[in-house]
Amino acid sequence: MNKARRNIWHSVAAHGILLTYTLLALFPVFVILINSFKTRKAIFRHPLQLPGPDTFSTIGYDTVLKQGDFIQYFENSLIVTVVSLFFVLLFGAMAAFALAEYRFKGNTLLGLFLALGIMIPIRIGTVAILKMMVASGLVNTLTALILVYTAQGLPLAVFILTEFMKQVSEDLKNAGRIDGLSEYAIFFRLVLPLVRPAMATVAVFNMIPIWNDLWFPLILAPSEATKTLTLGSQVFIGQFVTNWNAVLAALSMAIIPVLVLYVIFSRQLIRGITSGAVK
Amino acid sequence: MSALKLEKVCKSFGSVKVLHDIDLTVEDGEFVVFVGPSGCGKSTLLRVIAGLEDASSGSVEIAGRDVTTTPPSKRGIAMVFQSYALYPHLTVQGNMELGLKQARMPKSEIAQRVAEASRMLSLDDYLDRRPAELSGGQRQRVAIGRAITREPELFLFDEPLSNLDAALRMNTRIEIANLHRTIDSAMVYVTHDQIEAMTLADRIVVLRDGRVEQIGSPMDIYNDPDNQFVASFIGSPAMNFVKAAAYGFDKGAVLGIRPEYLTVVDSGRLSGVVTHIERLGAETNLLVDLDTDDTITLRLFGQYSFDVGQKVGVDFDDAKALFFGKDGQRIR
């Protein structure tokens, strides 16, 4: 910033606001993390104290790793999230390409129809979805979850990606056509790399709700073999007694993969958010 | 055999008709420029020739082959775009090779063609760079190189110089002219810039609202326009139009005279007041409000000084005057 526009009080205020927000956002995570390493008594006596020599304990992690198939839950969550994201991005991008690239009757209507899902929560259809899954024998399979999450993610993906695809230079696609690239090659080799930031944005927006979802795993796939991490952690929450050490430990561990995926996408994400605004 | 033959080509988008019965033949080795105001359909026509848009009716023939339903890559054409349209993830070499690789051409042949194109356009030092690392002029040269390597029957240029700055535009224009001299293929070039049209073309096609207004050599179009639109579109400053009757001519409704054919005299058939003067060094442009309420432009070669508000007499050589009817058609 140049000198004329620099004002010490403005930057103090701006940083103050940003720091406050950062603290607010990180505080719950911090509390979960420190308490997951404490004894049960310490959690309740001094919930905000860091684990000390007297209060340090890994009992929560031991319980979680011993009890049930925690690794299995972890794997289920990861499979469901990654596969759903893959399908959301693939089908979303393909639909967006068709809507942005080809003139056909009902193009706008179809676009609106596909975007309708943004406004209607998929959970309204839970009973119907459950009936469908029972009828098709998909209850208690990861496939059921993947199908539902793909459907849930597609509307927003199509909506966002269509806008980005429209910005990809018409000339570039035409140059590809003249050079003999097929429409698939144009899509995969020319257009997809150019909308990568938008794809990352869509991926992050979809990833977290899928990873954290409790609703559909509970209804569609509650069996031991198909439990996701969020659902699996519920075994430690009882009606009368809750094993807080285990719950906190499970939640702490659940953060890690999301964090990793986020770091992978975040560089792209920032470019996605600023693209258009900042050239 | 002609390089390109269009017969009754029409194109509609929905109910909007953008091209009306275009007939055109481009001979081998000919450089044809489509020129017209924006929205006249010149780019659409080029896209129809390239196969990027389907013609609604009519036929397109390239090098004696009917290609009306042939995909772009099999038409024997190469196209250079206004926005360069280079593949951002490929190097200069990769950009030039892609079309040939898609056509499954032997490696040695590809290497030889790329080397040839890169030598012609002095791109040898940049073969390993990506488009993002090149300047605008270099990018356009790569785009031209990519077209050359295809060794097409017909080159198509879609306003290739519009994104370049003025100095570079002139250099690249000369390069394109040299290129045409060297490789001797037919070229179709779309522009809205009349300088490009006049300097590059063997023949100019003037388009308006999806119709061909006139086809002819640059000097034919300039000296002998078929109608008032062509007369006003080509030439800068634009031709002056005044009511013929007001100056004692009984031929036609409108009298057209180019600014450079008007001279300042002490007492002429016209007289008026100078309202604006543009001194460009090599020439001086005068805007004069005539006593008969018409405003005309004079183009005087050399440096002159006039005052705004000064009364001047204006005259012209009758032989240079053009006459147009009420419908805008030329009366010869």
# chains A, B, ... in the order shown; residues from 1 in each chain; ligands from 1

$ select_by_dssp --residues "region 76-255 of chain A" --states "alpha helix (DSSP H)" --output "VMD selection string"
chain A and resid 76 to 101 107 to 119 126 to 135 142 to 167 170 to 178 183 to 185 192 to 194 196 to 212 215 to 220 229 to 233 244 to 255

$ closest_atom_pairs --of "chain B" --to "chain A" --cutoff "6 Å" --atoms "only C-alpha atoms" --output "CSV"
residue,atom,partner,partner_atom,distance
B:Pro72,CA,A:Ile178,CA,5.0
B:Ser73,CA,A:Ile178,CA,4.4
B:Ala85,CA,A:Leu172,CA,4.3
B:Gly99,CA,A:Asp179,CA,4.1
B:Gln102,CA,A:Gly180,CA,6.0

$ residues_around --residues "Val158 (chain A)" --least-positions-apart "2" --cutoff "12 Å" --atoms "only C-alpha atoms" --output "ChimeraX atom specification"
/A:87-100,110-118,150-156,160-166,198-199,202

$ write_last_selection --atoms "C-alpha atoms" --output "PDB file, in the first residue's frame"
ATOM      1  CA  PHE A  87     -18.678 -37.574  -9.138  1.00  0.00           C
ATOM      2  CA  VAL A  88     -19.955 -34.122  -8.197  1.00  0.00           C
ATOM      3  CA  LEU A  89     -17.017 -32.510  -9.998  1.00  0.00           C
ATOM      4  CA  LEU A  90     -17.135 -34.822 -13.018  1.00  0.00           C
ATOM      5  CA  PHE A  91     -20.884 -34.709 -13.652  1.00  0.00           C
ATOM      6  CA  GLY A  92     -21.195 -31.099 -12.533  1.00  0.00           C
ATOM      7  CA  ALA A  93     -18.462 -30.002 -14.925  1.00  0.00           C
ATOM      8  CA  MET A  94     -19.897 -32.044 -17.789  1.00  0.00           C
ATOM      9  CA  ALA A  95     -23.383 -30.618 -17.317  1.00  0.00           C
ATOM     10  CA  ALA A  96     -21.956 -27.131 -16.941  1.00  0.00           C
ATOM     11  CA  PHE A  97     -19.969 -27.545 -20.169  1.00  0.00           C
ATOM     12  CA  ALA A  98     -23.063 -28.593 -22.070  1.00  0.00           C
ATOM     13  CA  LEU A  99     -25.087 -25.700 -20.669  1.00  0.00           C
ATOM     14  CA  ALA A 100     -22.364 -23.150 -21.313  1.00  0.00           C
ATOM     15  CA  LEU A 110     -32.582 -26.983 -18.007  1.00  0.00           C
ATOM     16  CA  GLY A 111     -30.032 -24.773 -16.271  1.00  0.00           C
ATOM     17  CA  LEU A 112     -32.704 -23.451 -13.921  1.00  0.00           C
ATOM     18  CA  PHE A 113     -33.987 -26.955 -13.301  1.00  0.00           C
ATOM     19  CA  LEU A 114     -30.520 -28.160 -12.371  1.00  0.00           C
ATOM     20  CA  ALA A 115     -30.050 -25.157 -10.080  1.00  0.00           C
ATOM     21  CA  LEU A 116     -33.382 -25.768  -8.354  1.00  0.00           C
ATOM     22  CA  GLY A 117     -31.704 -28.195  -5.977  1.00  0.00           C
ATOM     23  CA  ILE A 118     -29.828 -25.300  -4.383  1.00  0.00           C
ATOM     24  CA  THR A 150     -23.577 -36.617  -5.427  1.00  0.00           C
ATOM     25  CA  ALA A 151     -27.169 -35.547  -5.950  1.00  0.00           C
ATOM     26  CA  GLN A 152     -26.868 -33.078  -3.098  1.00  0.00           C
ATOM     27  CA  GLY A 153     -23.699 -31.491  -4.479  1.00  0.00           C
ATOM     28  CA  LEU A 154     -24.603 -31.320  -8.166  1.00  0.00           C
ATOM     29  CA  PRO A 155     -26.922 -28.270  -8.234  1.00  0.00           C
ATOM     30  CA  LEU A 156     -24.408 -25.844  -6.778  1.00  0.00           C
ATOM     31  CA  ILE A 160     -21.002 -22.254 -10.294  1.00  0.00           C
ATOM     32  CA  LEU A 161     -19.169 -24.145 -13.021  1.00  0.00           C
ATOM     33  CA  THR A 162     -21.553 -22.984 -15.770  1.00  0.00           C
ATOM     34  CA  GLU A 163     -20.650 -19.385 -15.019  1.00  0.00           C
ATOM     35  CA  PHE A 164     -16.948 -20.170 -15.103  1.00  0.00           C
ATOM     36  CA  MET A 165     -17.190 -22.258 -18.271  1.00  0.00           C
ATOM     37  CA  LYS A 166     -18.882 -19.366 -20.035  1.00  0.00           C
ATOM     38  CA  ALA A 198     -13.739 -23.044  -9.688  1.00  0.00           C
ATOM     39  CA  MET A 199     -13.531 -26.826  -9.328  1.00  0.00           C
ATOM     40  CA  VAL A 202     -16.906 -26.445  -5.498  1.00  0.00           C
TER      41      VAL A 202
END

$ atom_distance --atom1 "CA of Gln67 (chain A)" --atom2 "CA of Gln239 (chain A)"
18.4 Å

$ residues_around --residues "region 113-129 of chain B" --least-positions-apart "2" --cutoff "6 Å" --atoms "only C-alpha atoms" --output "VMD selection string"
chain B and resid 91 to 93 110 to 111 145 149

$ write_last_selection --atoms "N, CA and C atoms" --output "PDB file, in the first residue's frame"
ATOM      1  N   THR B  91       3.716 -25.726 -24.707  1.00  0.00           N
ATOM      2  CA  THR B  91       4.763 -24.807 -25.135  1.00  0.00           C
ATOM      3  C   THR B  91       4.457 -24.344 -26.560  1.00  0.00           C
ATOM      4  N   VAL B  92       5.250 -23.397 -27.024  1.00  0.00           N
ATOM      5  CA  VAL B  92       5.097 -22.904 -28.398  1.00  0.00           C
ATOM      6  C   VAL B  92       5.155 -24.083 -29.376  1.00  0.00           C
ATOM      7  N   GLN B  93       6.145 -24.946 -29.153  1.00  0.00           N
ATOM      8  CA  GLN B  93       6.281 -26.109 -30.021  1.00  0.00           C
ATOM      9  C   GLN B  93       5.046 -27.003 -29.931  1.00  0.00           C
ATOM     10  N   ILE B 110       6.291 -33.831 -38.801  1.00  0.00           N
ATOM     11  CA  ILE B 110       5.871 -32.795 -37.847  1.00  0.00           C
ATOM     12  C   ILE B 110       7.054 -31.899 -37.510  1.00  0.00           C
ATOM     13  N   ALA B 111       8.190 -32.539 -37.165  1.00  0.00           N
ATOM     14  CA  ALA B 111       9.378 -31.785 -36.756  1.00  0.00           C
ATOM     15  C   ALA B 111       9.800 -30.839 -37.871  1.00  0.00           C
ATOM     16  N   GLY B 145       1.982 -19.288 -36.749  1.00  0.00           N
ATOM     17  CA  GLY B 145       2.823 -20.469 -36.961  1.00  0.00           C
ATOM     18  C   GLY B 145       2.011 -21.747 -36.882  1.00  0.00           C
ATOM     19  N   THR B 149       1.790 -24.558 -39.985  1.00  0.00           N
ATOM     20  CA  THR B 149       2.207 -25.959 -39.929  1.00  0.00           C
ATOM     21  C   THR B 149       1.140 -26.890 -40.488  1.00  0.00           C
TER      22      THR B 149
END

$ closest_residue --among "B:Lys101, B:Glu7, B:Ile331, B:Arg75" --to "Asp250 (chain B)" --atoms "only C-alpha atoms"
B:Ile331

$ select_by_dssp --residues "region 116-252 of chain B" --states "strand (DSSP E)" --output "number ranges by chain"
B: 154-158, 186-191, 203-208, 211-216, 240-243

$ write_last_selection --atoms "C-alpha atoms" --output "mmCIF file, in the first residue's frame"
data_model
loop_
_atom_site.group_PDB
_atom_site.id
_atom_site.type_symbol
_atom_site.label_atom_id
_atom_site.label_comp_id
_atom_site.auth_asym_id
_atom_site.auth_seq_id
_atom_site.Cartn_x
_atom_site.Cartn_y
_atom_site.Cartn_z
ATOM 1 C CA LEU B 154 -7.177 -21.886 -47.081
ATOM 2 C CA PHE B 155 -6.069 -19.603 -44.265
ATOM 3 C CA LEU B 156 -8.732 -17.867 -42.204
ATOM 4 C CA PHE B 157 -7.869 -14.798 -40.135
ATOM 5 C CA ASP B 158 -10.400 -13.427 -37.648
ATOM 6 C CA ALA B 186 -5.528 -18.422 -50.462
ATOM 7 C CA MET B 187 -6.373 -16.338 -47.428
ATOM 8 C CA VAL B 188 -9.618 -14.964 -46.089
ATOM 9 C CA TYR B 189 -9.205 -12.174 -43.595
ATOM 10 C CA VAL B 190 -11.861 -10.504 -41.466
ATOM 11 C CA THR B 191 -11.355 -7.011 -40.127
ATOM 12 C CA ARG B 203 -10.099 -8.176 -53.284
ATOM 13 C CA ILE B 204 -12.309 -6.630 -50.631
ATOM 14 C CA VAL B 205 -15.778 -7.872 -49.748
ATOM 15 C CA VAL B 206 -17.812 -5.127 -48.076
ATOM 16 C CA LEU B 207 -20.600 -6.536 -45.900
ATOM 17 C CA ARG B 208 -23.535 -4.869 -44.226
ATOM 18 C CA ARG B 211 -25.430 -8.927 -47.268
ATOM 19 C CA VAL B 212 -22.573 -8.372 -49.672
ATOM 20 C CA GLU B 213 -22.584 -4.696 -50.638
ATOM 21 C CA GLN B 214 -19.681 -4.806 -53.072
ATOM 22 C CA ILE B 215 -16.764 -7.022 -54.082
ATOM 23 C CA GLY B 216 -13.753 -5.519 -55.784
ATOM 24 C CA ASN B 240 -18.785 14.029 -47.707
ATOM 25 C CA PHE B 241 -22.414 13.761 -48.711
ATOM 26 C CA VAL B 242 -24.491 16.817 -49.591
ATOM 27 C CA LYS B 243 -27.848 17.317 -51.256
#

$ atom_distance --atom1 "CA of Gly64 (chain B)" --atom2 "CA of Met79 (chain B)"
19.2 Å

$ closest_residue --among "B:Val60, B:Ala132, B:Leu45, B:Leu200" --to "His89 (chain B)" --atoms "only C-alpha atoms"
B:Ala132

$ closest_residue --among "A:Leu145, A:Leu65, A:Val260, A:Ala200" --to "Thr126 (chain A)" --atoms "only C-alpha atoms"
A:Leu145

$ atom_distance --atom1 "CA of Glu151 (chain B)" --atom2 "CA of Leu179 (chain B)"
12.5 Å

$ residues_around --residues "Phe56 (chain A)" --least-positions-apart "6" --cutoff "7 Å" --atoms "only C-alpha atoms" --output "VMD selection string"
chain A and resid 37 to 39

$ write_last_selection --atoms "C-alpha atoms" --output "mmCIF file, in the first residue's frame"
data_model
loop_
_atom_site.group_PDB
_atom_site.id
_atom_site.type_symbol
_atom_site.label_atom_id
_atom_site.label_comp_id
_atom_site.auth_asym_id
_atom_site.auth_seq_id
_atom_site.Cartn_x
_atom_site.Cartn_y
_atom_site.Cartn_z
ATOM 1 C CA PHE A 37 -5.569 -34.981 25.886
ATOM 2 C CA LYS A 38 -6.886 -34.620 29.440
ATOM 3 C CA THR A 39 -8.357 -36.926 32.060
#

$ residues_around --residues "region 297-311 of chain B" --least-positions-apart "2" --cutoff "6 Å" --atoms "only C-alpha atoms" --output "JSON, numbers by chain"
{"B": [259, 260, 262, 272, 273, 274, 275, 276, 282, 283, 284, 285, 286, 287]}

$ residues_around --residues "Leu270 (chain B)" --least-positions-apart "2" --cutoff "12 Å" --atoms "only C-alpha atoms" --output "list of chain:residue names"
B:Val242, B:Ala246, B:Tyr247, B:Gly248, B:Leu262, B:Thr263, B:Val264, B:Val265, B:Asp266, B:Ser267, B:Gly268, B:Gly272, B:Val273, B:Val288, B:Asp289, B:Leu290, B:Asp291, B:Thr292, B:Asp293, B:Asp294, B:Thr295, B:Ile296, B:Lys311, B:Val312, B:Gly313, B:Val314, B:Asp315, B:Phe316

$ decode --residues "region 131-229 of chain B" --atoms "C-alpha atoms" --output "compact mmCIF listing (two decimals), in the first residue's frame"
# COMPACT_ATOMS: atom_id res chain seq x y z
CA PRO B 131 2.12 -18.65 -24.13
CA ALA B 132 1.97 -16.85 -20.76
CA GLU B 133 5.68 -16.04 -21.11
CA LEU B 134 5.30 -14.36 -24.50
CA SER B 135 4.35 -10.82 -25.51
CA GLY B 136 1.20 -10.12 -27.52
CA GLY B 137 3.06 -9.89 -30.82
CA GLN B 138 4.94 -13.12 -30.18
CA ARG B 139 1.70 -14.89 -29.25
CA GLN B 140 0.10 -13.83 -32.49
CA ARG B 141 3.16 -15.07 -34.39
CA VAL B 142 2.80 -18.44 -32.67
CA ALA B 143 -0.87 -18.51 -33.64
CA ILE B 144 0.11 -17.80 -37.24
CA GLY B 145 2.82 -20.47 -36.96
CA ARG B 146 0.26 -22.97 -35.76
CA ALA B 147 -1.79 -22.19 -38.86
CA ILE B 148 1.21 -22.52 -41.20
CA THR B 149 2.21 -25.96 -39.93
CA ARG B 150 -1.16 -27.31 -41.00
CA GLU B 151 -0.31 -26.38 -44.60
CA PRO B 152 -3.97 -25.63 -45.32
CA GLU B 153 -5.71 -25.00 -48.62
CA LEU B 154 -7.18 -21.89 -47.08
CA PHE B 155 -6.07 -19.60 -44.27
CA LEU B 156 -8.73 -17.87 -42.20
CA PHE B 157 -7.87 -14.80 -40.14
CA ASP B 158 -10.40 -13.43 -37.65
CA GLU B 159 -9.32 -9.85 -36.79
CA PRO B 160 -5.83 -11.06 -35.92
CA LEU B 161 -4.38 -7.61 -35.27
CA SER B 162 -7.12 -6.10 -33.13
CA ASN B 163 -5.45 -6.97 -29.83
CA LEU B 164 -2.06 -5.52 -30.78
CA ASP B 165 -0.89 -1.96 -30.21
CA ALA B 166 -0.51 0.40 -33.16
CA ALA B 167 3.22 -0.04 -33.84
CA LEU B 168 3.07 -3.81 -33.58
CA ARG B 169 -0.03 -3.88 -35.72
CA MET B 170 1.83 -2.38 -38.65
CA ASN B 171 4.75 -4.81 -38.27
CA THR B 172 2.48 -7.81 -38.05
CA ARG B 173 0.46 -6.54 -41.01
CA ILE B 174 3.63 -6.47 -43.09
CA GLU B 175 4.54 -9.93 -41.82
CA ILE B 176 1.17 -11.27 -42.94
CA ALA B 177 1.62 -9.65 -46.36
CA ASN B 178 5.09 -11.21 -46.64
CA LEU B 179 3.69 -14.54 -45.52
CA HIS B 180 1.12 -14.41 -48.28
CA ARG B 181 3.83 -13.68 -50.82
CA THR B 182 5.92 -16.60 -49.53
CA ILE B 183 3.42 -19.41 -49.14
CA ASP B 184 0.99 -18.37 -51.81
CA SER B 185 -2.10 -19.99 -50.26
CA ALA B 186 -5.53 -18.42 -50.46
CA MET B 187 -6.37 -16.34 -47.43
CA VAL B 188 -9.62 -14.96 -46.09
CA TYR B 189 -9.20 -12.17 -43.59
CA VAL B 190 -11.86 -10.50 -41.47
CA THR B 191 -11.36 -7.01 -40.13
CA HIS B 192 -13.22 -3.85 -39.30
CA ASP B 193 -10.05 -1.83 -39.91
CA GLN B 194 -10.10 -0.36 -43.39
CA ILE B 195 -6.35 0.22 -43.45
CA GLU B 196 -5.78 -3.53 -43.06
CA ALA B 197 -8.39 -4.16 -45.72
CA MET B 198 -6.89 -1.69 -48.20
CA THR B 199 -3.26 -2.72 -47.67
CA LEU B 200 -3.59 -6.49 -47.56
CA ALA B 201 -6.39 -7.38 -49.92
CA ASP B 202 -6.36 -8.50 -53.50
CA ARG B 203 -10.10 -8.18 -53.28
CA ILE B 204 -12.31 -6.63 -50.63
CA VAL B 205 -15.78 -7.87 -49.75
CA VAL B 206 -17.81 -5.13 -48.08
CA LEU B 207 -20.60 -6.54 -45.90
CA ARG B 208 -23.54 -4.87 -44.23
CA ASP B 209 -26.34 -6.52 -42.27
CA GLY B 210 -25.43 -9.94 -43.60
CA ARG B 211 -25.43 -8.93 -47.27
CA VAL B 212 -22.57 -8.37 -49.67
CA GLU B 213 -22.58 -4.70 -50.64
CA GLN B 214 -19.68 -4.81 -53.07
CA ILE B 215 -16.76 -7.02 -54.08
CA GLY B 216 -13.75 -5.52 -55.78
CA SER B 217 -10.10 -4.60 -55.63
CA PRO B 218 -9.22 -2.00 -52.99
CA MET B 219 -8.88 0.80 -55.58
CA ASP B 220 -12.14 -0.18 -57.30
CA ILE B 221 -13.94 0.00 -54.00
CA TYR B 222 -12.35 3.34 -53.19
CA ASN B 223 -12.75 5.01 -56.56
CA ASP B 224 -15.87 3.38 -57.81
CA PRO B 225 -18.20 2.44 -54.96
CA ASP B 226 -21.53 0.87 -55.89
CA ASN B 227 -23.52 2.64 -53.24
CA GLN B 228 -23.48 5.26 -50.56
CA PHE B 229 -22.73 2.77 -47.76
